[in-house]
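Asker: Quick one, entry17.pdb (PDB, C-alpha atoms and all ligand atoms):
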```
ATOM      1  CA  MET A  33       0.000   0.000   0.000
ATOM      2  CA  ALA A  34       1.444   3.355  -1.004
ATOM      3  CA  ASN A  35       2.260   5.927   1.634
ATOM      4  CA  GLU A  36      -0.954   7.913   2.240
ATOM      5  CA  THR A  37       0.744  11.281   2.323
ATOM      6  CA  ASN A  38       3.247  11.564  -0.499
ATOM      7  CA  VAL A  39       1.338  10.367  -3.578
ATOM      8  CA  VAL A  40       0.429  14.011  -4.144
ATOM      9  CA  GLU A  41       2.764  16.843  -3.232
ATOM     10  CA  TYR A  42       2.463  20.597  -3.379
ATOM     11  CA  THR A  43       4.343  23.812  -2.804
ATOM     12  CA  ILE A  44       2.985  27.348  -2.694
ATOM     13  CA  GLU A  45       5.176  30.024  -4.277
ATOM     14  CA  ASN A  46       4.093  33.596  -4.963
ATOM     15  CA  LYS A  47       0.391  32.709  -4.712
ATOM     16  CA  ILE A  48       0.687  29.726  -7.081
ATOM     17  CA  ALA A  49      -0.039  26.267  -5.669
ATOM     18  CA  TRP A  50       1.997  23.757  -7.694
ATOM     19  CA  VAL A  51       0.252  20.450  -7.080
ATOM     20  CA  LYS A  52       1.913  17.301  -8.378
ATOM     21  CA  PHE A  53       0.732  13.775  -8.939
ATOM     22  CA  ASN A  54       3.664  12.067  -7.273
ATOM     23  CA  ARG A  55       3.823   8.423  -8.297
ATOM     24  CA  PRO A  56       6.382   8.773 -11.090
ATOM     25  CA  GLU A  57       7.364   5.108 -10.845
ATOM     26  CA  LYS A  58       3.714   4.260 -11.712
ATOM     27  CA  ARG A  59       3.456   7.087 -14.251
ATOM     28  CA  ASN A  60       1.199   8.933 -11.795
ATOM     29  CA  CYS A  61      -1.770   6.653 -12.366
ATOM     30  CA  MET A  62      -4.619   7.367  -9.965
ATOM     31  CA  SER A  63      -5.128   4.885  -7.136
ATOM     32  CA  PRO A  64      -7.792   5.190  -4.427
ATOM     33  CA  THR A  65      -5.027   6.369  -2.092
ATOM     34  CA  LEU A  66      -4.102   9.139  -4.503
ATOM     35  CA  ASN A  67      -7.742  10.101  -5.028
ATOM     36  CA  ARG A  68      -8.340  10.418  -1.289
ATOM     37  CA  ARG A  69      -5.173  12.449  -0.791
ATOM     38  CA  MET A  70      -6.080  14.783  -3.642
ATOM     39  CA  MET A  71      -9.440  15.534  -2.016
ATOM     40  CA  GLU A  72      -7.661  16.423   1.229
ATOM     41  CA  ILE A  73      -5.312  18.732  -0.639
ATOM     42  CA  LEU A  74      -8.207  20.477  -2.375
ATOM     43  CA  ASP A  75      -9.609  21.066   1.114
ATOM     44  CA  GLU A  76      -6.282  22.446   2.289
ATOM     45  CA  LEU A  77      -5.853  24.825  -0.636
ATOM     46  CA  GLU A  78      -9.289  25.996  -1.722
ATOM     47  CA  TYR A  79      -9.788  28.753   0.863
ATOM     48  CA  ASN A  80      -6.112  29.282   1.701
ATOM     49  CA  ASP A  81      -5.420  33.010   1.273
ATOM     50  CA  GLU A  82      -1.873  32.253   0.178
ATOM     51  CA  VAL A  83      -3.229  30.591  -2.979
ATOM     52  CA  GLY A  84      -4.357  32.599  -6.001
ATOM     53  CA  VAL A  85      -4.091  29.920  -8.699
ATOM     54  CA  PHE A  86      -4.009  26.109  -8.520
ATOM     55  CA  VAL A  87      -1.753  24.307 -11.022
ATOM     56  CA  LEU A  88      -1.950  20.540 -11.451
ATOM     57  CA  THR A  89       0.992  18.676 -12.960
ATOM     58  CA  GLY A  90       2.900  15.414 -12.667
ATOM     59  CA  GLU A  91       6.275  14.356 -11.338
ATOM     60  CA  GLY A  92       8.502  12.572 -13.865
ATOM     61  CA  THR A  93       7.506  11.595 -17.389
ATOM     62  CA  ALA A  94       3.742  11.558 -16.903
ATOM     63  CA  PHE A  95       0.967  13.986 -16.141
ATOM     64  CA  SER A  96      -1.092  10.914 -15.272
ATOM     65  CA  ALA A  97      -1.431   7.508 -16.958
ATOM     66  CA  GLY A  98      -5.126   7.441 -16.003
ATOM     67  CA  MET A  99      -6.711   5.141 -13.469
ATOM     68  CA  ASP A 100      -4.530   2.630 -11.689
ATOM     69  CA  LEU A 101      -5.666  -0.548 -13.422
ATOM     70  CA  LYS A 102      -4.560  -2.651 -10.461
ATOM     71  CA  GLU A 103      -5.433  -0.618  -7.377
ATOM     72  CA  TYR A 104      -8.456   1.244  -8.781
ATOM     73  CA  PHE A 105     -10.070  -1.619 -10.734
ATOM     74  CA  VAL A 106      -8.798  -5.086  -9.755
ATOM     75  CA  GLU A 107      -8.351  -4.514  -6.046
ATOM     76  CA  THR A 108     -11.577  -2.575  -5.441
ATOM     77  CA  GLU A 109     -13.635  -5.094  -7.434
ATOM     78  CA  LYS A 110     -12.764  -7.662  -4.770
ATOM     79  CA  ASP A 111     -15.312  -5.833  -2.592
ATOM     80  CA  GLY A 112     -17.977  -6.200  -5.267
ATOM     81  CA  LEU A 113     -20.159  -3.355  -6.428
ATOM     82  CA  ALA A 114     -19.664  -1.545  -3.118
ATOM     83  CA  GLY A 115     -15.923  -1.418  -3.740
ATOM     84  CA  THR A 116     -16.324  -0.194  -7.311
ATOM     85  CA  ARG A 117     -18.814   2.505  -6.362
ATOM     86  CA  LYS A 118     -16.628   3.722  -3.488
ATOM     87  CA  ALA A 119     -13.619   4.038  -5.806
ATOM     88  CA  GLN A 120     -15.759   5.915  -8.350
ATOM     89  CA  ARG A 121     -17.119   8.295  -5.701
ATOM     90  CA  GLU A 122     -13.581   9.103  -4.588
ATOM     91  CA  SER A 123     -12.218   9.834  -8.057
ATOM     92  CA  TYR A 124     -15.277  11.530  -9.551
ATOM     93  CA  GLY A 125     -15.626  13.372  -6.236
ATOM     94  CA  TRP A 126     -12.325  15.231  -6.447
ATOM     95  CA  TRP A 127     -12.731  15.906 -10.163
ATOM     96  CA  LYS A 128     -16.059  17.602  -9.470
ATOM     97  CA  ARG A 129     -14.527  19.466  -6.560
ATOM     98  CA  LEU A 130     -11.794  20.657  -8.924
ATOM     99  CA  ARG A 131     -14.320  21.737 -11.611
ATOM    100  CA  ASP A 132     -16.044  23.887  -8.994
ATOM    101  CA  PHE A 133     -12.833  25.058  -7.286
ATOM    102  CA  ASN A 134     -12.988  28.555  -5.847
ATOM    103  CA  LYS A 135      -9.733  29.633  -7.537
ATOM    104  CA  PRO A 136      -8.598  29.488 -11.177
ATOM    105  CA  THR A 137      -7.087  26.110 -12.046
ATOM    106  CA  ILE A 138      -4.576  25.110 -14.712
ATOM    107  CA  ALA A 139      -3.537  21.657 -15.929
ATOM    108  CA  MET A 140       0.147  21.693 -16.847
ATOM    109  CA  VAL A 141       0.470  18.528 -18.902
ATOM    110  CA  ASN A 142       4.113  17.545 -18.856
ATOM    111  CA  GLY A 143       3.913  14.024 -20.324
ATOM    112  CA  TRP A 144       1.589  11.005 -20.603
ATOM    113  CA  CYS A 145      -2.092  11.819 -20.173
ATOM    114  CA  PHE A 146      -4.486   8.895 -20.544
ATOM    115  CA  GLY A 147      -8.131   8.004 -20.039
ATOM    116  CA  GLY A 148      -9.140   8.847 -16.486
ATOM    117  CA  ALA A 149      -6.657  11.726 -16.489
ATOM    118  CA  TYR A 150      -9.029  13.533 -18.846
ATOM    119  CA  GLY A 151     -11.240  14.017 -15.725
ATOM    120  CA  PRO A 152      -8.800  16.367 -13.961
ATOM    121  CA  LEU A 153      -7.663  17.757 -17.335
ATOM    122  CA  PHE A 154     -11.206  18.926 -18.071
ATOM    123  CA  ALA A 155     -11.807  19.925 -14.451
ATOM    124  CA  CYS A 156      -9.064  22.533 -14.787
ATOM    125  CA  ASP A 157     -10.174  25.826 -16.297
ATOM    126  CA  LEU A 158      -7.147  26.098 -18.564
ATOM    127  CA  ALA A 159      -4.659  23.554 -19.865
ATOM    128  CA  PHE A 160      -1.126  23.918 -21.218
ATOM    129  CA  ALA A 161       0.940  21.035 -22.541
ATOM    130  CA  SER A 162       4.481  20.434 -23.612
ATOM    131  CA  ASP A 163       4.744  19.850 -27.370
ATOM    132  CA  ASP A 164       5.850  16.286 -26.739
ATOM    133  CA  ALA A 165       3.167  15.350 -24.168
ATOM    134  CA  GLN A 166       1.049  12.388 -25.255
ATOM    135  CA  PHE A 167      -2.739  12.286 -24.919
ATOM    136  CA  GLY A 168      -4.742   9.131 -25.416
ATOM    137  CA  LEU A 169      -8.110   7.543 -24.821
ATOM    138  CA  SER A 170      -6.458   4.162 -24.445
ATOM    139  CA  GLU A 171      -9.537   2.509 -22.936
ATOM    140  CA  ILE A 172     -10.379   0.857 -26.242
ATOM    141  CA  ASN A 173      -6.897  -0.716 -26.249
ATOM    142  CA  TRP A 174      -7.673  -2.692 -23.117
ATOM    143  CA  GLY A 175     -11.284  -3.417 -23.918
ATOM    144  CA  ILE A 176     -13.555  -0.817 -22.346
ATOM    145  CA  LEU A 177     -15.283   2.379 -23.430
ATOM    146  CA  PRO A 178     -13.853   5.726 -22.294
ATOM    147  CA  GLY A 179     -15.818   6.092 -19.062
ATOM    148  CA  GLY A 180     -15.536   8.324 -16.007
ATOM    149  CA  GLY A 181     -16.596  11.260 -18.159
ATOM    150  CA  ALA A 182     -13.829  10.788 -20.753
ATOM    151  CA  THR A 183     -16.200  10.325 -23.710
ATOM    152  CA  LYS A 184     -18.177  13.385 -22.668
ATOM    153  CA  ILE A 185     -14.962  15.384 -22.380
ATOM    154  CA  ALA A 186     -13.858  14.342 -25.878
ATOM    155  CA  VAL A 187     -17.234  15.386 -27.269
ATOM    156  CA  GLU A 188     -17.235  18.681 -25.334
ATOM    157  CA  LEU A 189     -13.750  19.689 -26.459
ATOM    158  CA  LEU A 190     -13.212  18.091 -29.869
ATOM    159  CA  SER A 191     -15.040  18.064 -33.154
ATOM    160  CA  PHE A 192     -17.369  15.085 -33.687
ATOM    161  CA  ARG A 193     -14.951  13.453 -36.136
ATOM    162  CA  ASN A 194     -11.890  13.965 -33.944
ATOM    163  CA  ALA A 195     -13.740  12.756 -30.828
ATOM    164  CA  MET A 196     -14.887   9.626 -32.643
ATOM    165  CA  TYR A 197     -11.429   8.923 -34.088
ATOM    166  CA  HIS A 198      -9.731   9.576 -30.753
ATOM    167  CA  ALA A 199     -12.102   7.298 -28.821
ATOM    168  CA  MET A 200     -12.218   4.471 -31.372
ATOM    169  CA  MET A 201      -8.615   4.280 -32.544
ATOM    170  CA  GLY A 202      -6.720   4.364 -29.253
ATOM    171  CA  GLU A 203      -3.912   6.347 -30.914
ATOM    172  CA  ASN A 204      -2.085   9.046 -29.004
ATOM    173  CA  VAL A 205      -1.842  12.673 -30.047
ATOM    174  CA  SER A 206       0.997  15.030 -29.148
ATOM    175  CA  GLY A 207       0.647  18.199 -27.115
ATOM    176  CA  LYS A 208       0.873  20.127 -30.374
ATOM    177  CA  LYS A 209      -2.022  18.237 -31.930
ATOM    178  CA  ALA A 210      -3.989  18.472 -28.665
ATOM    179  CA  ALA A 211      -3.670  22.260 -28.900
ATOM    180  CA  GLU A 212      -4.825  22.234 -32.555
ATOM    181  CA  TRP A 213      -7.795  20.104 -31.502
ATOM    182  CA  GLY A 214      -8.712  22.358 -28.553
ATOM    183  CA  LEU A 215      -8.020  19.713 -25.911
ATOM    184  CA  VAL A 216      -5.573  22.187 -24.336
ATOM    185  CA  ASN A 217      -5.147  25.943 -24.765
ATOM    186  CA  GLU A 218      -1.560  25.847 -25.992
ATOM    187  CA  SER A 219       1.443  23.633 -26.265
ATOM    188  CA  VAL A 220       4.990  24.889 -25.850
ATOM    189  CA  GLU A 221       8.451  23.359 -25.751
ATOM    190  CA  ALA A 222       8.867  21.267 -22.610
ATOM    191  CA  SER A 223      11.622  23.562 -21.339
ATOM    192  CA  LYS A 224       9.265  26.571 -21.570
ATOM    193  CA  LEU A 225       6.170  24.966 -20.062
ATOM    194  CA  LYS A 226       6.539  26.098 -16.460
ATOM    195  CA  GLU A 227       7.562  29.596 -17.537
ATOM    196  CA  ARG A 228       4.478  29.962 -19.748
ATOM    197  CA  VAL A 229       2.155  28.648 -17.043
ATOM    198  CA  THR A 230       3.721  30.998 -14.484
ATOM    199  CA  GLU A 231       3.106  33.899 -16.868
ATOM    200  CA  VAL A 232      -0.580  32.970 -17.150
ATOM    201  CA  CYS A 233      -0.868  32.548 -13.373
ATOM    202  CA  ASN A 234       0.619  35.979 -12.797
ATOM    203  CA  VAL A 235      -2.019  37.551 -15.031
ATOM    204  CA  LEU A 236      -4.835  35.701 -13.253
ATOM    205  CA  ILE A 237      -3.518  36.713  -9.832
ATOM    206  CA  GLN A 238      -4.004  40.374 -10.784
ATOM    207  CA  LYS A 239      -7.730  39.907 -11.494
ATOM    208  CA  ASN A 240     -10.596  40.276  -9.070
ATOM    209  CA  PRO A 241     -10.983  36.767  -7.527
ATOM    210  CA  VAL A 242     -14.756  36.994  -7.079
ATOM    211  CA  ALA A 243     -15.165  37.952 -10.732
ATOM    212  CA  LEU A 244     -12.861  35.097 -11.770
ATOM    213  CA  LYS A 245     -14.909  32.479  -9.891
ATOM    214  CA  ALA A 246     -18.157  33.890 -11.303
ATOM    215  CA  THR A 247     -16.644  33.861 -14.802
ATOM    216  CA  LYS A 248     -15.334  30.294 -14.695
ATOM    217  CA  ASP A 249     -18.674  29.024 -13.374
ATOM    218  CA  ALA A 250     -20.518  30.977 -16.042
ATOM    219  CA  VAL A 251     -18.450  29.557 -18.900
ATOM    220  CA  ARG A 252     -19.163  25.990 -17.768
ATOM    221  CA  LYS A 253     -22.834  26.500 -17.017
ATOM    222  CA  VAL A 254     -24.063  28.545 -19.984
ATOM    223  CA  SER A 255     -22.920  25.928 -22.479
ATOM    224  CA  GLU A 256     -25.934  23.832 -21.465
ATOM    225  CA  MET A 257     -28.455  26.690 -21.542
ATOM    226  CA  THR A 258     -30.611  28.326 -24.146
ATOM    227  CA  TYR A 259     -29.610  31.903 -24.948
ATOM    228  CA  ALA A 260     -32.511  33.309 -22.923
ATOM    229  CA  ASN A 261     -31.685  31.171 -19.889
ATOM    230  CA  ALA A 262     -28.017  32.088 -20.127
ATOM    231  CA  GLU A 263     -28.872  35.780 -20.272
ATOM    232  CA  GLU A 264     -30.910  35.469 -17.111
ATOM    233  CA  TYR A 265     -28.344  33.262 -15.357
ATOM    234  CA  LEU A 266     -25.583  35.798 -16.058
ATOM    235  CA  VAL A 267     -27.595  38.683 -14.608
ATOM    236  CA  LYS A 268     -28.249  36.657 -11.460
ATOM    237  CA  ALA A 269     -24.660  35.414 -11.280
ATOM    238  CA  GLN A 270     -23.304  38.975 -11.357
ATOM    239  CA  GLU A 271     -25.799  40.012  -8.689
ATOM    240  CA  ALA A 272     -24.682  37.073  -6.565
ATOM    241  CA  ALA A 273     -21.026  38.043  -7.133
ATOM    242  CA  ASN A 274     -21.881  41.568  -5.941
ATOM    243  CA  PHE A 275     -22.973  40.039  -2.671
ATOM    244  CA  PHE A 276     -19.388  38.810  -2.105
ATOM    245  CA  ASP A 277     -17.643  41.879  -3.528
ATOM    246  CA  ASN A 278     -19.602  44.988  -4.379
ATOM    247  CA  THR A 279     -16.644  47.366  -4.331
ATOM    248  CA  GLY A 280     -14.347  45.764  -6.912
ATOM    249  CA  ARG A 281     -16.306  46.744 -10.014
ATOM    250  CA  LYS A 282     -16.872  50.270  -8.668
ATOM    251  CA  GLU A 283     -13.150  50.600  -8.063
ATOM    252  CA  GLY A 284     -12.513  49.310 -11.585
ATOM    253  CA  ILE A 285     -14.764  52.009 -13.049
ATOM    254  CA  LYS A 286     -13.314  54.730 -10.795
ATOM    255  CA  GLN A 287      -9.701  53.995 -11.731
ATOM    256  CA  PHE A 288     -10.557  54.104 -15.455
ATOM    257  CA  ILE A 289     -13.147  56.868 -15.801
ATOM    258  CA  PHE A 290     -12.147  59.286 -13.046
ATOM    259  CA  GLU A 291      -8.515  58.584 -12.184
ATOM    260  CA  LYS A 292      -7.402  57.413 -15.605
ATOM    261  CA  THR A 293      -4.773  55.104 -14.105
ATOM    262  CA  TYR A 294      -5.430  52.131 -16.400
ATOM    263  CA  LYS A 295      -7.515  51.053 -19.398
ATOM    264  CA  PRO A 296      -9.669  47.902 -19.017
ATOM    265  CA  GLY A 297      -9.083  47.169 -22.686
ATOM    266  CA  LEU A 298      -5.384  46.817 -21.948
ATOM    267  CA  GLY A 299      -5.195  45.223 -18.484
ATOM    268  CA  ALA A 300      -6.717  44.881 -15.011
ATOM    269  CA  TYR A 301      -7.403  47.604 -12.440
ATOM    270  CA  ASN A 302      -5.331  47.677  -9.277
ATOM    271  CA  LYS A 303      -7.400  45.582  -6.892
ATOM    272  CA  ASP A 304      -4.987  46.158  -4.023
ATOM    273  CA  ILE A 305      -5.953  49.795  -3.538
ATOM    274  CA  GLN A 306      -8.080  49.950  -0.381
ATOM    275  CA  ARG A 307     -10.036  53.133   0.325
TER
HETATM  276  N1  LIG A 401      -2.311   1.435 -14.011
HETATM  277  C1  LIG A 401      -1.490   0.670 -13.271
HETATM  278  N2  LIG A 401      -0.148   0.657 -13.416
HETATM  279  C2  LIG A 401       0.368   1.467 -14.340
HETATM  280  C3  LIG A 401      -0.421   2.309 -15.144
HETATM  281  C4  LIG A 401      -1.824   2.279 -14.953
HETATM  282  N3  LIG A 401      -2.664   3.070 -15.639
HETATM  283  N4  LIG A 401       0.386   2.997 -15.977
HETATM  284  C5  LIG A 401       1.643   2.620 -15.693
HETATM  285  N5  LIG A 401       1.633   1.691 -14.691
HETATM  286  C6  LIG A 401       2.772   1.012 -14.075
HETATM  287  C7  LIG A 401       3.310  -0.113 -14.930
HETATM  288  O1  LIG A 401       2.552  -1.297 -14.738
HETATM  289  C8  LIG A 401       4.729  -0.208 -14.412
HETATM  290  O2  LIG A 401       4.684  -0.887 -13.159
HETATM  291  P1  LIG A 401       5.894  -1.865 -12.708
HETATM  292  O3  LIG A 401       7.104  -0.978 -12.660
HETATM  293  O4  LIG A 401       5.456  -2.355 -11.372
HETATM  294  O5  LIG A 401       5.991  -2.896 -13.784
HETATM  295  C9  LIG A 401       5.089   1.240 -14.115
HETATM  296  O6  LIG A 401       3.840   1.931 -13.968
HETATM  297  C10 LIG A 401       5.853   1.909 -15.220
HETATM  298  O7  LIG A 401       5.140   1.732 -16.432
HETATM  299  P2  LIG A 401       5.831   1.355 -17.813
HETATM  300  O8  LIG A 401       4.741   0.837 -18.680
HETATM  301  O9  LIG A 401       6.997   0.484 -17.597
HETATM  302  O10 LIG A 401       6.323   2.810 -18.276
HETATM  303  P3  LIG A 401       6.645   3.347 -19.737
HETATM  304  O11 LIG A 401       7.255   4.686 -19.512
HETATM  305  O12 LIG A 401       7.393   2.353 -20.537
HETATM  306  O13 LIG A 401       5.209   3.531 -20.453
HETATM  307  C11 LIG A 401       2.922   4.291 -20.481
HETATM  308  C12 LIG A 401       4.376   4.569 -20.022
HETATM  309  C13 LIG A 401       2.830   4.360 -22.011
HETATM  310  C14 LIG A 401       2.085   5.405 -19.829
HETATM  311  C15 LIG A 401       2.477   2.893 -20.019
HETATM  312  O14 LIG A 401       2.795   2.729 -18.642
HETATM  313  C16 LIG A 401       0.996   2.652 -20.186
HETATM  314  O15 LIG A 401       0.568   2.327 -21.265
HETATM  315  N6  LIG A 401       0.190   2.827 -19.083
HETATM  316  C17 LIG A 401      -1.218   2.627 -19.142
HETATM  317  C18 LIG A 401      -1.913   3.827 -19.781
HETATM  318  C19 LIG A 401      -3.414   3.600 -19.775
HETATM  319  O16 LIG A 401      -3.934   3.004 -20.703
HETATM  320  N7  LIG A 401      -4.094   4.010 -18.701
HETATM  321  C20 LIG A 401      -5.477   3.702 -18.473
HETATM  322  C21 LIG A 401      -6.322   4.659 -19.236
HETATM  323  S1  LIG A 401      -8.019   4.193 -19.152
HETATM  324  C22 LIG A 401      -8.573   4.682 -17.645
HETATM  325  O17 LIG A 401      -7.951   5.522 -16.998
HETATM  326  C23 LIG A 401      -9.963   4.227 -17.155
END
```
Rewrite the coordinates I just gave you, this time as structure tokens.
Ligand code: ACO
Answerer:
Amino acid sequence: MANETNVVEYTIENKIAWVKFNRPEKRNCMSPTLNRRMMEILDELEYNDEVGVFVLTGEGTAFSAGMDLKEYFVETEKDGLAGTRKAQRESYGWWKRLRDFNKPTIAMVNGWCFGGAYGPLFACDLAFASDDAQFGLSEINWGILPGGGATKIAVELLSFRNAMYHAMMGENVSGKKAAEWGLVNESVEASKLKERVTEVCNVLIQKNPVALKATKDAVRKVSEMTYANAEEYLVKAQEAANFFDNTGRKEGIKQFIFEKTYKPGLGAYNKDIQR
């Protein structure tokens, strides 16, 4: 049994939480132990004032090789349906928690990314990959359909033809191709990956955090709504955001219109000015 505490590791530097799958010898595949530890870490970081952005990456050559076929499937099935359902609750549980996370989240895909790893990949708001990362729905190669949300994720992010090809063929695509397909935002040379992600984090850290949470929720939710419902949802969502922070947007207007210290078309207002 793996050590309960070190299968995921994190550091916090300059408001960025760098969270790592840390089973490099198992290509960071997700075991029940890892899934439980990740949920604890989400608890530790979500409302920690030292954290402005959450970055998920992997130690070694993998982002994550998907579910641990031994510990997640074979060993939990010994407890029958109860074991399977418990393992599913634990993995799907932290992916949902990550989708709803209170801070911006970024997947930094440094290597192998298979099957179940599409859950956390999609849960993150943004995703950046190294050019040579490898993405695959390998489920078909070992005889199952892409479950745990993976098929839905392919359909959400890819064209119909690419989703079908990706799911049926079990061939990998590079980080570069994943970026062309829209599976990730960008791919960059491996040596530049952390630098690029840090740059993005530093932009996000300057933005109003209440507005960021409202925005990320809105982008996910409106995709399932009619235009009229989305319009109404967005009005209500902004009003709800005002409940948590009703001064930020006024400050933003003041600094542009009256003080002329910045232009919203070119960057964010200074949210650190307290009056
Ligand atoms: N589940 C369980 N063990 C795994 C997994 C996994 N998903 N991925 C890697 N490992 C283990 C290997 O069994 C091996 O263990 P061992 O050292 O005890 O023999 C160790 O990790 C290293 O793996 P290698 O295969 O030797 O590493 P290599 O770098 O040559 O290959 C690769 C990497 C391509 C990622 C390969 O390990 C692989 O194909 N893994 C499975 C990928 C996959 O299909 N995942 C499931 C997706 S579907 C789902 O998530 C529901």
Asker: When you look at Val232 in chain A with a cut-off of 10 Å (counting only C-alpha atoms), what residues show up, excluding the ones that are within fewer than 4 positions of it in the same chain? I need them as a list of chain:residue names.
Answerer: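 Surrounding residues, per the criterion: A:Val85, A:Ile138, A:Leu158, A:Phe160, A:Lys226, A:Glu227, A:Arg228, A:Leu236, A:Ile237.
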Asker: Can you work out which residues are within 8 Å of ligand LIG 401 (chain A), considering all atoms listed in the file, and then hand them over as number ranges by chain?
Answerer: A: 56-62, 93-94, 96-103, 144-149, 168-171, 173-174, 178-180
Asker: Can you list, as a PyMOL selection string, the residues that the PyMOL selection byres (((chain A and resi 152) around 10) and not hetatm) selects here?
Answerer: chain A and resi 88+96+98+123-124+126-131+138-139+148-151+153-157
Asker: Using CA of Pro136 in chain A and CA of Lys286 in chain A as the two end points, give the distance in Å to one decimal.
Answerer: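 The value is 25.7 Å.
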Asker: Please measure the separation of CA of Val220 in chain A and CA of Ile73 in chain A, giving the value in Å to one decimal.
Answerer: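 Distance reported for this atom pair: 27.9 Å.
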Asker: Under the rule that only C-alpha atoms are counted, which of A:Gly143, A:Ser63, A:Val87, A:Ala246 is the nearest residue to Glu41 in chain A?
Answerer: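 That would be A:Val87, the residue with the smallest distance to Glu41 in chain A.
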Asker: Might you pull out every residue within 10 Å of range 270-280 of chain A, with all atoms listed in the file counted and same-chain residues fewer than 2 positions away left off, and present them as a PDB file with C-alpha atoms, in the coordinates of the input?
Answerer:
```pdb
ATOM      1  CA  LYS A 239      -7.730  39.907 -11.494  1.00  0.00           C
ATOM      2  CA  ASN A 240     -10.596  40.276  -9.070  1.00  0.00           C
ATOM      3  CA  PRO A 241     -10.983  36.767  -7.527  1.00  0.00           C
ATOM      4  CA  VAL A 242     -14.756  36.994  -7.079  1.00  0.00           C
ATOM      5  CA  ALA A 243     -15.165  37.952 -10.732  1.00  0.00           C
ATOM      6  CA  LEU A 244     -12.861  35.097 -11.770  1.00  0.00           C
ATOM      7  CA  LYS A 245     -14.909  32.479  -9.891  1.00  0.00           C
ATOM      8  CA  ALA A 246     -18.157  33.890 -11.303  1.00  0.00           C
ATOM      9  CA  THR A 247     -16.644  33.861 -14.802  1.00  0.00           C
ATOM     10  CA  ALA A 250     -20.518  30.977 -16.042  1.00  0.00           C
ATOM     11  CA  TYR A 265     -28.344  33.262 -15.357  1.00  0.00           C
ATOM     12  CA  LEU A 266     -25.583  35.798 -16.058  1.00  0.00           C
ATOM     13  CA  VAL A 267     -27.595  38.683 -14.608  1.00  0.00           C
ATOM     14  CA  LYS A 268     -28.249  36.657 -11.460  1.00  0.00           C
ATOM     15  CA  LYS A 282     -16.872  50.270  -8.668  1.00  0.00           C
ATOM     16  CA  GLU A 283     -13.150  50.600  -8.063  1.00  0.00           C
ATOM     17  CA  GLY A 284     -12.513  49.310 -11.585  1.00  0.00           C
ATOM     18  CA  ILE A 285     -14.764  52.009 -13.049  1.00  0.00           C
ATOM     19  CA  LYS A 286     -13.314  54.730 -10.795  1.00  0.00           C
ATOM     20  CA  TYR A 301      -7.403  47.604 -12.440  1.00  0.00           C
ATOM     21  CA  ASN A 302      -5.331  47.677  -9.277  1.00  0.00           C
ATOM     22  CA  LYS A 303      -7.400  45.582  -6.892  1.00  0.00           C
ATOM     23  CA  ASP A 304      -4.987  46.158  -4.023  1.00  0.00           C
ATOM     24  CA  ILE A 305      -5.953  49.795  -3.538  1.00  0.00           C
ATOM     25  CA  GLN A 306      -8.080  49.950  -0.381  1.00  0.00           C
ATOM     26  CA  ARG A 307     -10.036  53.133   0.325  1.00  0.00           C
TER      27      ARG A 307
END
```
Asker: Of the residues A:Val205, A:Glu91, A:Met70, A:Thr65, which is the one nearest to Thr108 in chain A, using all atoms listed in the file?
Answerer: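 Distance minimum relative to Thr108 in chain A lands on A:Thr65.
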Asker: Just how far from CA of Arg117 in chain A is CA of Phe105 in chain A, in Å to one decimal?
Answerer: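 Pair CA of Phe105 in chain A / CA of Arg117 in chain A returns 10.6 Å.
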Asker: Evaluating the PyMOL selection byres (((chain A and resi 40) around 8) and not hetatm) on the displayed file yields which residues, as a list of chain:residue names?
Answerer: A:Thr37, A:Asn38, A:Val39, A:Glu41, A:Tyr42, A:Val51, A:Lys52, A:Phe53, A:Asn54, A:Arg55, A:Leu66, A:Arg69, A:Met70
Asker: So which residues get picked by the PyMOL selection byres (((chain A and resi 253) around 12) and not hetatm) here, written as a list in words?
Answerer: Arg131, Asp132, Ala246, Thr247, Lys248, Asp249, Ala250, Val251, Arg252, Val254, Ser255, Glu256, Met257, Thr258, Tyr259, Asn261, Ala262, Glu263, Tyr265, Leu266 and Ala269 of chain A
Asker: Would you write out those residues with C-alpha atoms, as a CSV table (one decimal), in the frame of the given file?
Answerer:
```csv
chain,number,residue,atom,x,y,z
A,131,ARG,CA,-14.3,21.7,-11.6
A,132,ASP,CA,-16.0,23.9,-9.0
A,246,ALA,CA,-18.2,33.9,-11.3
A,247,THR,CA,-16.6,33.9,-14.8
A,248,LYS,CA,-15.3,30.3,-14.7
A,249,ASP,CA,-18.7,29.0,-13.4
A,250,ALA,CA,-20.5,31.0,-16.0
A,251,VAL,CA,-18.4,29.6,-18.9
A,252,ARG,CA,-19.2,26.0,-17.8
A,254,VAL,CA,-24.1,28.5,-20.0
A,255,SER,CA,-22.9,25.9,-22.5
A,256,GLU,CA,-25.9,23.8,-21.5
A,257,MET,CA,-28.5,26.7,-21.5
A,258,THR,CA,-30.6,28.3,-24.1
A,259,TYR,CA,-29.6,31.9,-24.9
A,261,ASN,CA,-31.7,31.2,-19.9
A,262,ALA,CA,-28.0,32.1,-20.1
A,263,GLU,CA,-28.9,35.8,-20.3
A,265,TYR,CA,-28.3,33.3,-15.4
A,266,LEU,CA,-25.6,35.8,-16.1
A,269,ALA,CA,-24.7,35.4,-11.3
```
Asker: Take every atom of range 171-178 of chain A listed in the file, fit an axis-aligned box around them, add 6 Å per side, and give the centre and edge lengths in Å to one decimal as lines of an AutoDock Vina configuration file.
Answerer:
```
center_x = -11.1
center_y = 1.2
center_z = -24.3
size_x = 20.4
size_y = 21.1
size_z = 16.0
```
Asker: Smallest atom-to-atom distance to Asp81 in chain A: which of A:Lys110, A:Lys47, A:Arg193, A:Lys295, using only C-alpha atoms?
Answerer: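 Comparing A:Lys110, A:Lys47, A:Arg193, A:Lys295 against Asp81 in chain A, the winner is A:Lys47.
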